[in-house]
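Dumped protein_12.txt below, it's compact mmCIF, N, CA and C atoms:
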```
# COMPACT_ATOMS: atom_id res chain seq x y z
N MET A 222 0.91 3.74 21.11
CA MET A 222 1.50 2.96 20.03
C MET A 222 2.97 2.75 20.36
N ASP A 223 3.41 1.52 20.35
CA ASP A 223 4.81 1.19 20.61
C ASP A 223 5.59 1.39 19.31
N SER A 224 6.35 2.49 19.24
CA SER A 224 7.07 2.85 18.01
C SER A 224 8.03 1.76 17.55
N ALA A 225 8.67 1.11 18.49
CA ALA A 225 9.66 0.09 18.12
C ALA A 225 9.00 -1.10 17.43
N SER A 226 7.89 -1.61 18.00
CA SER A 226 7.26 -2.78 17.38
C SER A 226 6.59 -2.41 16.06
N VAL A 227 6.03 -1.20 15.96
CA VAL A 227 5.46 -0.75 14.69
C VAL A 227 6.57 -0.65 13.65
N GLY A 228 7.69 -0.08 14.05
CA GLY A 228 8.83 0.06 13.15
C GLY A 228 9.37 -1.28 12.68
N GLU A 229 9.42 -2.25 13.59
CA GLU A 229 9.88 -3.59 13.22
C GLU A 229 8.96 -4.22 12.18
N LYS A 230 7.66 -4.01 12.34
CA LYS A 230 6.71 -4.57 11.39
C LYS A 230 6.81 -3.87 10.03
N ILE A 231 7.02 -2.56 10.05
CA ILE A 231 7.21 -1.83 8.79
C ILE A 231 8.44 -2.38 8.06
N LYS A 232 9.53 -2.54 8.81
CA LYS A 232 10.76 -3.05 8.20
C LYS A 232 10.55 -4.45 7.64
N LYS A 233 9.86 -5.29 8.39
CA LYS A 233 9.60 -6.67 7.94
C LYS A 233 8.78 -6.67 6.65
N LEU A 234 7.73 -5.85 6.60
CA LEU A 234 6.91 -5.76 5.39
C LEU A 234 7.72 -5.22 4.22
N ARG A 235 8.48 -4.17 4.47
CA ARG A 235 9.27 -3.54 3.42
C ARG A 235 10.27 -4.52 2.84
N LYS A 236 10.98 -5.23 3.70
CA LYS A 236 11.98 -6.19 3.22
C LYS A 236 11.33 -7.38 2.52
N SER A 237 10.17 -7.81 2.98
CA SER A 237 9.49 -8.95 2.34
C SER A 237 9.05 -8.60 0.92
N GLN A 238 8.83 -7.32 0.68
CA GLN A 238 8.44 -6.87 -0.66
C GLN A 238 9.65 -6.37 -1.47
N LYS A 239 10.84 -6.50 -0.88
CA LYS A 239 12.08 -6.07 -1.54
C LYS A 239 12.02 -4.59 -1.96
N ILE A 240 11.55 -3.77 -1.02
CA ILE A 240 11.44 -2.33 -1.23
C ILE A 240 12.51 -1.65 -0.39
N THR A 241 13.22 -0.72 -0.98
CA THR A 241 14.24 0.01 -0.22
C THR A 241 13.58 1.13 0.59
N GLN A 242 14.32 1.63 1.56
CA GLN A 242 13.82 2.78 2.32
C GLN A 242 13.64 3.97 1.40
N ALA A 243 14.51 4.13 0.43
CA ALA A 243 14.40 5.24 -0.52
C ALA A 243 13.13 5.13 -1.36
N GLU A 244 12.82 3.92 -1.84
CA GLU A 244 11.60 3.72 -2.63
C GLU A 244 10.35 4.00 -1.80
N MET A 245 10.37 3.53 -0.57
CA MET A 245 9.22 3.75 0.30
C MET A 245 9.08 5.24 0.62
N GLY A 246 10.21 5.89 0.89
CA GLY A 246 10.18 7.32 1.15
C GLY A 246 9.63 8.10 -0.03
N LYS A 247 10.04 7.72 -1.23
CA LYS A 247 9.55 8.39 -2.43
C LYS A 247 8.03 8.23 -2.56
N ALA A 248 7.53 7.03 -2.32
CA ALA A 248 6.10 6.77 -2.43
C ALA A 248 5.29 7.58 -1.41
N LEU A 249 5.91 7.85 -0.26
CA LEU A 249 5.22 8.58 0.81
C LEU A 249 5.60 10.07 0.84
N ASN A 250 6.43 10.50 -0.12
CA ASN A 250 6.93 11.88 -0.15
C ASN A 250 7.68 12.24 1.13
N LEU A 251 8.55 11.32 1.54
CA LEU A 251 9.36 11.51 2.75
C LEU A 251 10.80 11.14 2.45
N ALA A 252 11.69 11.59 3.29
CA ALA A 252 13.10 11.20 3.17
C ALA A 252 13.27 9.77 3.65
N ASN A 253 14.24 9.07 3.07
CA ASN A 253 14.49 7.69 3.51
C ASN A 253 14.94 7.67 4.97
N THR A 254 15.49 8.78 5.47
CA THR A 254 15.89 8.83 6.88
C THR A 254 14.68 8.78 7.80
N THR A 255 13.54 9.29 7.32
CA THR A 255 12.31 9.19 8.12
C THR A 255 11.88 7.74 8.24
N ILE A 256 11.97 7.01 7.13
CA ILE A 256 11.62 5.59 7.15
C ILE A 256 12.55 4.86 8.12
N ALA A 257 13.84 5.17 8.05
CA ALA A 257 14.82 4.54 8.95
C ALA A 257 14.49 4.86 10.41
N SER A 258 14.07 6.09 10.68
CA SER A 258 13.70 6.48 12.05
C SER A 258 12.48 5.72 12.54
N TRP A 259 11.51 5.51 11.66
CA TRP A 259 10.33 4.71 12.04
C TRP A 259 10.76 3.29 12.38
N GLU A 260 11.58 2.72 11.49
CA GLU A 260 11.97 1.32 11.66
C GLU A 260 12.81 1.10 12.92
N SER A 261 13.58 2.09 13.29
CA SER A 261 14.40 1.95 14.51
C SER A 261 13.59 2.26 15.77
N GLY A 262 12.41 2.85 15.58
CA GLY A 262 11.58 3.20 16.73
C GLY A 262 11.92 4.54 17.34
N SER A 263 12.84 5.28 16.71
CA SER A 263 13.23 6.58 17.27
C SER A 263 12.25 7.69 16.89
N LYS A 264 11.38 7.41 15.95
CA LYS A 264 10.38 8.39 15.54
C LYS A 264 9.05 7.68 15.33
N SER A 265 7.96 8.30 15.78
CA SER A 265 6.63 7.71 15.62
C SER A 265 5.96 8.22 14.35
N LEU A 266 5.05 7.43 13.83
CA LEU A 266 4.26 7.82 12.66
C LEU A 266 3.00 8.53 13.11
N THR A 267 2.53 9.43 12.27
CA THR A 267 1.20 9.99 12.49
C THR A 267 0.19 8.93 12.07
N ALA A 268 -1.04 9.08 12.50
CA ALA A 268 -2.09 8.14 12.10
C ALA A 268 -2.25 8.14 10.59
N GLU A 269 -2.15 9.31 9.98
CA GLU A 269 -2.28 9.42 8.52
C GLU A 269 -1.18 8.63 7.81
N LYS A 270 0.06 8.78 8.26
CA LYS A 270 1.17 8.06 7.62
C LYS A 270 1.07 6.56 7.88
N LEU A 271 0.60 6.17 9.05
CA LEU A 271 0.43 4.75 9.32
C LEU A 271 -0.60 4.16 8.36
N TYR A 272 -1.67 4.90 8.10
CA TYR A 272 -2.68 4.45 7.13
C TYR A 272 -2.05 4.31 5.74
N GLU A 273 -1.24 5.28 5.34
CA GLU A 273 -0.58 5.22 4.04
C GLU A 273 0.35 4.00 3.94
N VAL A 274 1.09 3.73 5.00
CA VAL A 274 1.98 2.57 5.01
C VAL A 274 1.16 1.28 4.90
N ALA A 275 0.07 1.21 5.65
CA ALA A 275 -0.80 0.03 5.57
C ALA A 275 -1.35 -0.14 4.16
N THR A 276 -1.68 0.97 3.52
CA THR A 276 -2.20 0.93 2.15
C THR A 276 -1.15 0.41 1.19
N ILE A 277 0.08 0.89 1.32
CA ILE A 277 1.16 0.44 0.43
C ILE A 277 1.34 -1.08 0.51
N PHE A 278 1.26 -1.61 1.72
CA PHE A 278 1.51 -3.04 1.91
C PHE A 278 0.22 -3.87 1.92
N ASN A 279 -0.90 -3.19 1.71
CA ASN A 279 -2.20 -3.87 1.64
C ASN A 279 -2.47 -4.71 2.88
N VAL A 280 -2.22 -4.10 4.03
CA VAL A 280 -2.52 -4.74 5.31
C VAL A 280 -3.45 -3.80 6.08
N PRO A 281 -4.25 -4.34 6.98
CA PRO A 281 -5.07 -3.45 7.81
C PRO A 281 -4.18 -2.70 8.81
N VAL A 282 -4.60 -1.53 9.21
CA VAL A 282 -3.83 -0.76 10.20
C VAL A 282 -3.67 -1.58 11.47
N SER A 283 -4.66 -2.40 11.78
CA SER A 283 -4.59 -3.22 13.00
C SER A 283 -3.40 -4.18 12.99
N TYR A 284 -2.88 -4.49 11.80
CA TYR A 284 -1.70 -5.37 11.71
C TYR A 284 -0.56 -4.85 12.59
N PHE A 285 -0.41 -3.53 12.67
CA PHE A 285 0.70 -2.93 13.40
C PHE A 285 0.51 -3.01 14.92
N PHE A 286 -0.71 -3.33 15.36
CA PHE A 286 -0.99 -3.37 16.79
C PHE A 286 -1.28 -4.77 17.29
N ASP A 287 -1.65 -5.67 16.37
CA ASP A 287 -1.99 -7.04 16.75
C ASP A 287 -0.75 -7.88 16.95
N ASP A 288 -0.92 -8.95 17.71
CA ASP A 288 0.11 -9.95 17.83
C ASP A 288 0.32 -10.55 16.45
N GLU A 289 1.54 -10.67 16.02
CA GLU A 289 1.83 -11.13 14.67
C GLU A 289 1.26 -12.51 14.38
N SER A 290 1.10 -13.33 15.40
CA SER A 290 0.58 -14.67 15.16
C SER A 290 -0.88 -14.65 14.72
N THR A 291 -1.57 -13.50 14.94
CA THR A 291 -2.97 -13.43 14.52
C THR A 291 -3.10 -12.99 13.07
N TYR A 292 -1.99 -12.68 12.44
CA TYR A 292 -2.02 -12.19 11.06
C TYR A 292 -1.30 -13.16 10.15
N GLN A 293 -1.92 -13.54 9.08
CA GLN A 293 -1.31 -14.45 8.12
C GLN A 293 -0.85 -13.66 6.91
N SER A 294 0.38 -13.85 6.47
CA SER A 294 0.91 -13.11 5.34
C SER A 294 0.12 -13.35 4.06
N GLU A 295 -0.53 -14.50 3.97
CA GLU A 295 -1.31 -14.76 2.76
C GLU A 295 -2.56 -13.89 2.68
N GLN A 296 -2.86 -13.11 3.73
CA GLN A 296 -3.97 -12.19 3.68
C GLN A 296 -3.69 -11.05 2.70
N MET A 297 -2.45 -10.78 2.41
CA MET A 297 -2.10 -9.74 1.47
C MET A 297 -2.56 -10.17 0.08
N HIS A 298 -3.14 -9.24 -0.64
CA HIS A 298 -3.59 -9.56 -1.99
C HIS A 298 -2.36 -9.91 -2.82
N PRO A 299 -2.33 -11.11 -3.44
CA PRO A 299 -1.11 -11.55 -4.13
C PRO A 299 -0.69 -10.66 -5.29
N THR A 300 -1.63 -10.00 -5.94
CA THR A 300 -1.29 -9.14 -7.07
C THR A 300 -0.36 -8.00 -6.65
N PHE A 301 -0.57 -7.46 -5.45
CA PHE A 301 0.22 -6.34 -5.02
C PHE A 301 1.70 -6.67 -4.87
N SER A 302 2.02 -7.93 -4.66
CA SER A 302 3.42 -8.30 -4.49
C SER A 302 4.21 -8.18 -5.79
N TYR A 303 3.53 -8.07 -6.93
CA TYR A 303 4.21 -7.93 -8.23
C TYR A 303 4.36 -6.47 -8.65
N LEU A 304 3.81 -5.54 -7.88
CA LEU A 304 3.82 -4.13 -8.24
C LEU A 304 4.92 -3.38 -7.50
N THR A 305 5.35 -2.28 -8.10
CA THR A 305 6.25 -1.39 -7.38
C THR A 305 5.43 -0.67 -6.32
N VAL A 306 6.09 -0.01 -5.41
CA VAL A 306 5.39 0.76 -4.38
C VAL A 306 4.49 1.81 -5.03
N GLU A 307 5.02 2.52 -6.01
CA GLU A 307 4.25 3.57 -6.67
C GLU A 307 3.02 3.00 -7.35
N GLN A 308 3.15 1.84 -8.00
CA GLN A 308 2.01 1.21 -8.66
C GLN A 308 0.97 0.75 -7.64
N SER A 309 1.44 0.20 -6.53
CA SER A 309 0.54 -0.24 -5.48
C SER A 309 -0.25 0.94 -4.92
N VAL A 310 0.43 2.06 -4.66
CA VAL A 310 -0.25 3.26 -4.16
C VAL A 310 -1.24 3.76 -5.20
N PHE A 311 -0.84 3.78 -6.48
CA PHE A 311 -1.74 4.24 -7.54
C PHE A 311 -3.01 3.41 -7.58
N PHE A 312 -2.89 2.08 -7.59
CA PHE A 312 -4.08 1.23 -7.68
C PHE A 312 -4.94 1.32 -6.43
N THR A 313 -4.33 1.46 -5.28
CA THR A 313 -5.10 1.62 -4.05
C THR A 313 -5.87 2.93 -4.08
N ASP A 314 -5.22 4.00 -4.51
CA ASP A 314 -5.91 5.29 -4.65
C ASP A 314 -7.03 5.21 -5.67
N LEU A 315 -6.78 4.52 -6.78
CA LEU A 315 -7.79 4.35 -7.82
C LEU A 315 -9.02 3.64 -7.25
N MET A 316 -8.80 2.57 -6.50
CA MET A 316 -9.93 1.84 -5.90
C MET A 316 -10.68 2.72 -4.91
N THR A 317 -9.94 3.45 -4.09
CA THR A 317 -10.57 4.32 -3.09
C THR A 317 -11.43 5.38 -3.76
N LYS A 318 -10.87 6.04 -4.77
CA LYS A 318 -11.60 7.09 -5.48
C LYS A 318 -12.81 6.52 -6.21
N THR A 319 -12.67 5.33 -6.76
CA THR A 319 -13.79 4.68 -7.46
C THR A 319 -14.92 4.40 -6.48
N LEU A 320 -14.59 3.92 -5.30
CA LEU A 320 -15.62 3.61 -4.31
C LEU A 320 -16.29 4.87 -3.77
N GLU A 321 -15.61 6.01 -3.85
CA GLU A 321 -16.19 7.27 -3.38
C GLU A 321 -17.18 7.87 -4.38
N MET A 322 -17.16 7.40 -5.62
CA MET A 322 -18.08 7.91 -6.64
C MET A 322 -19.50 7.44 -6.36
N ASP A 323 -20.47 8.24 -6.84
CA ASP A 323 -21.84 7.73 -6.75
C ASP A 323 -21.97 6.59 -7.74
N ILE A 324 -22.98 5.77 -7.56
CA ILE A 324 -23.10 4.52 -8.30
C ILE A 324 -23.12 4.73 -9.82
N GLU A 325 -23.80 5.76 -10.29
CA GLU A 325 -23.89 6.00 -11.73
C GLU A 325 -22.53 6.36 -12.32
N LYS A 326 -21.80 7.26 -11.67
CA LYS A 326 -20.46 7.62 -12.14
C LYS A 326 -19.52 6.43 -12.06
N ARG A 327 -19.64 5.64 -11.00
CA ARG A 327 -18.79 4.47 -10.83
C ARG A 327 -18.99 3.48 -11.97
N GLU A 328 -20.25 3.22 -12.31
CA GLU A 328 -20.54 2.28 -13.39
C GLU A 328 -19.98 2.77 -14.73
N LYS A 329 -20.13 4.07 -15.00
CA LYS A 329 -19.58 4.63 -16.25
C LYS A 329 -18.05 4.53 -16.25
N PHE A 330 -17.46 4.82 -15.13
CA PHE A 330 -16.00 4.77 -15.02
C PHE A 330 -15.50 3.34 -15.24
N ILE A 331 -16.14 2.38 -14.61
CA ILE A 331 -15.74 0.99 -14.76
C ILE A 331 -15.95 0.52 -16.20
N ASP A 332 -17.04 0.94 -16.82
CA ASP A 332 -17.27 0.61 -18.23
C ASP A 332 -16.15 1.16 -19.11
N SER A 333 -15.68 2.37 -18.82
CA SER A 333 -14.60 2.95 -19.63
C SER A 333 -13.29 2.18 -19.43
N ILE A 334 -13.06 1.68 -18.23
CA ILE A 334 -11.87 0.87 -17.97
C ILE A 334 -11.98 -0.46 -18.71
N LYS A 335 -13.15 -1.08 -18.68
CA LYS A 335 -13.36 -2.33 -19.41
C LYS A 335 -13.10 -2.13 -20.90
N PHE A 336 -13.59 -1.01 -21.45
CA PHE A 336 -13.38 -0.71 -22.86
C PHE A 336 -11.88 -0.58 -23.15
N ALA A 337 -11.16 0.13 -22.27
CA ALA A 337 -9.72 0.32 -22.46
C ALA A 337 -8.98 -1.02 -22.42
N ILE A 338 -9.39 -1.91 -21.53
CA ILE A 338 -8.75 -3.22 -21.44
C ILE A 338 -9.02 -4.04 -22.70
N GLU A 339 -10.27 -4.02 -23.16
CA GLU A 339 -10.61 -4.74 -24.39
C GLU A 339 -9.81 -4.19 -25.58
N PHE A 340 -9.70 -2.87 -25.68
CA PHE A 340 -8.94 -2.23 -26.74
C PHE A 340 -7.47 -2.65 -26.67
N PHE A 341 -6.91 -2.62 -25.48
CA PHE A 341 -5.52 -3.02 -25.28
C PHE A 341 -5.31 -4.47 -25.70
N ASN A 342 -6.20 -5.35 -25.25
CA ASN A 342 -6.07 -6.77 -25.56
C ASN A 342 -6.17 -7.03 -27.06
N ARG A 343 -7.07 -6.35 -27.76
CA ARG A 343 -7.21 -6.53 -29.20
C ARG A 343 -5.98 -6.08 -29.97
N ASN A 344 -5.33 -5.05 -29.48
CA ASN A 344 -4.19 -4.49 -30.17
C ASN A 344 -2.85 -5.06 -29.73
N ASN A 345 -2.87 -5.96 -28.76
CA ASN A 345 -1.62 -6.55 -28.28
C ASN A 345 -1.62 -8.07 -28.32
N ASP A 346 -2.48 -8.64 -29.12
CA ASP A 346 -2.50 -10.11 -29.27
C ASP A 346 -1.60 -10.55 -30.39
```
Mind turning this structure into structure tokens?
Amino acid sequence: MDSASVGEKIKKLRKSQKITQAEMGKALNLANTTIASWESGSKSLTAEKLYEVATIFNVPVSYFFDDESTYQSEQMHPTFSYLTVEQSVFFTDLMTKTLEMDIEKREKFIDSIKFAIEFFNRNND
């Protein structure tokens, strides 16, 4: 893995989302200096942290290794661009955990979320 090019892509994604190094560090439970080290290429990411970064920005891990011309920025889910880093991580974790449930638990969980949304909408109109 070329640390410099991975770092450049992290920086580009972070700046495009108007996220500071401090905000990103907080979301990943790291110091902002670690983020700066990644972006400068002086420090490499572990595979686990690279996955977490990809999750925050809603890009495939392959984005960091592919030629940038093969990746279109519109591939990012547009909803995520309106969320804070913490909210994006929360929703990604929520989706991951939901998909890990067996089908019966998943259906009950989704039904409870639908109920909560309906309740919210009725009380906020």
Inset, instruction - Find the distance between CA of Leu315 (chain A) and CA of Glu229 (chain A) and write it in Å to one decimal. - result: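 Spanning CA of Leu315 (chain A) to CA of Glu229 (chain A) is a straight-line distance of 28.6 Å.
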Inset, instruction - Write out as a list in words the residues lying within 7 Å of region 230-246 of chain A, counting only N, CA and C atoms and excluding same-chain residues fewer than 6 positions away. - result: Ala252, Asn253, Thr254, Ile256, Ala257, Trp259, Glu260, Phe278, Phe285, Ser302, Val306 and Glu307 of chain A
Inset, instruction - Fewer than 5 positions away in the same chain doesn't count, so skip those; otherwise give me all residues within 9 Å of region 331-335 of chain A, counting only C-alpha atoms, as a list in words. - result: Thr319, Lys326 and Phe340 of chain A
Legend entry - Residues of chain A in helix (DSSP H, G or I), written as a VMD selection string: chain A and resid 224 to 237 242 to 249 253 to 261 268 to 278 282 to 285 289 to 291 294 to 296 299 to 303 306 to 321 324 to 344
Legend entry - Residue nearest Ser226 (chain A) among A:Asn250, A:Ile338, A:Asp323, A:Gly262 (counting all atoms listed in the file):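 Of all the options, A:Gly262 lies closest to Ser226 (chain A).
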Inset, instruction - Have a look at CA of Asp346 (chain A) and atom C of Met316 (chain A) and let me know their distance in Å, one decimal. - result: 28.7 Å
Legend entry - Between atom C of Thr276 (chain A) and atom C of Glu339 (chain A), distance in Å (one decimal):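 Taking atom C of Thr276 (chain A) as the start and atom C of Glu339 (chain A) as the end point, the length is 28.5 Å.
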Given 4 Å of margin on each side, can you work out the centre and size in Å (one decimal) of an axis-aligned box holding every listed atom of region 329-338 of chain A, as JSON?
```
{"center_x": -14.4, "center_y": 0.4, "center_z": -18.9, "size_x": 19.4, "size_y": 16.9, "size_z": 16.5}
```
Inset, instruction - Would you mind telling me which residue in A:Tyr284, A:Val227, A:Ala275, A:Leu249 lies nearest to Ser261 (chain A) when using all atoms listed in the file? - result: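 The shortest atom-to-atom distance to Ser261 (chain A) comes from A:Val227.
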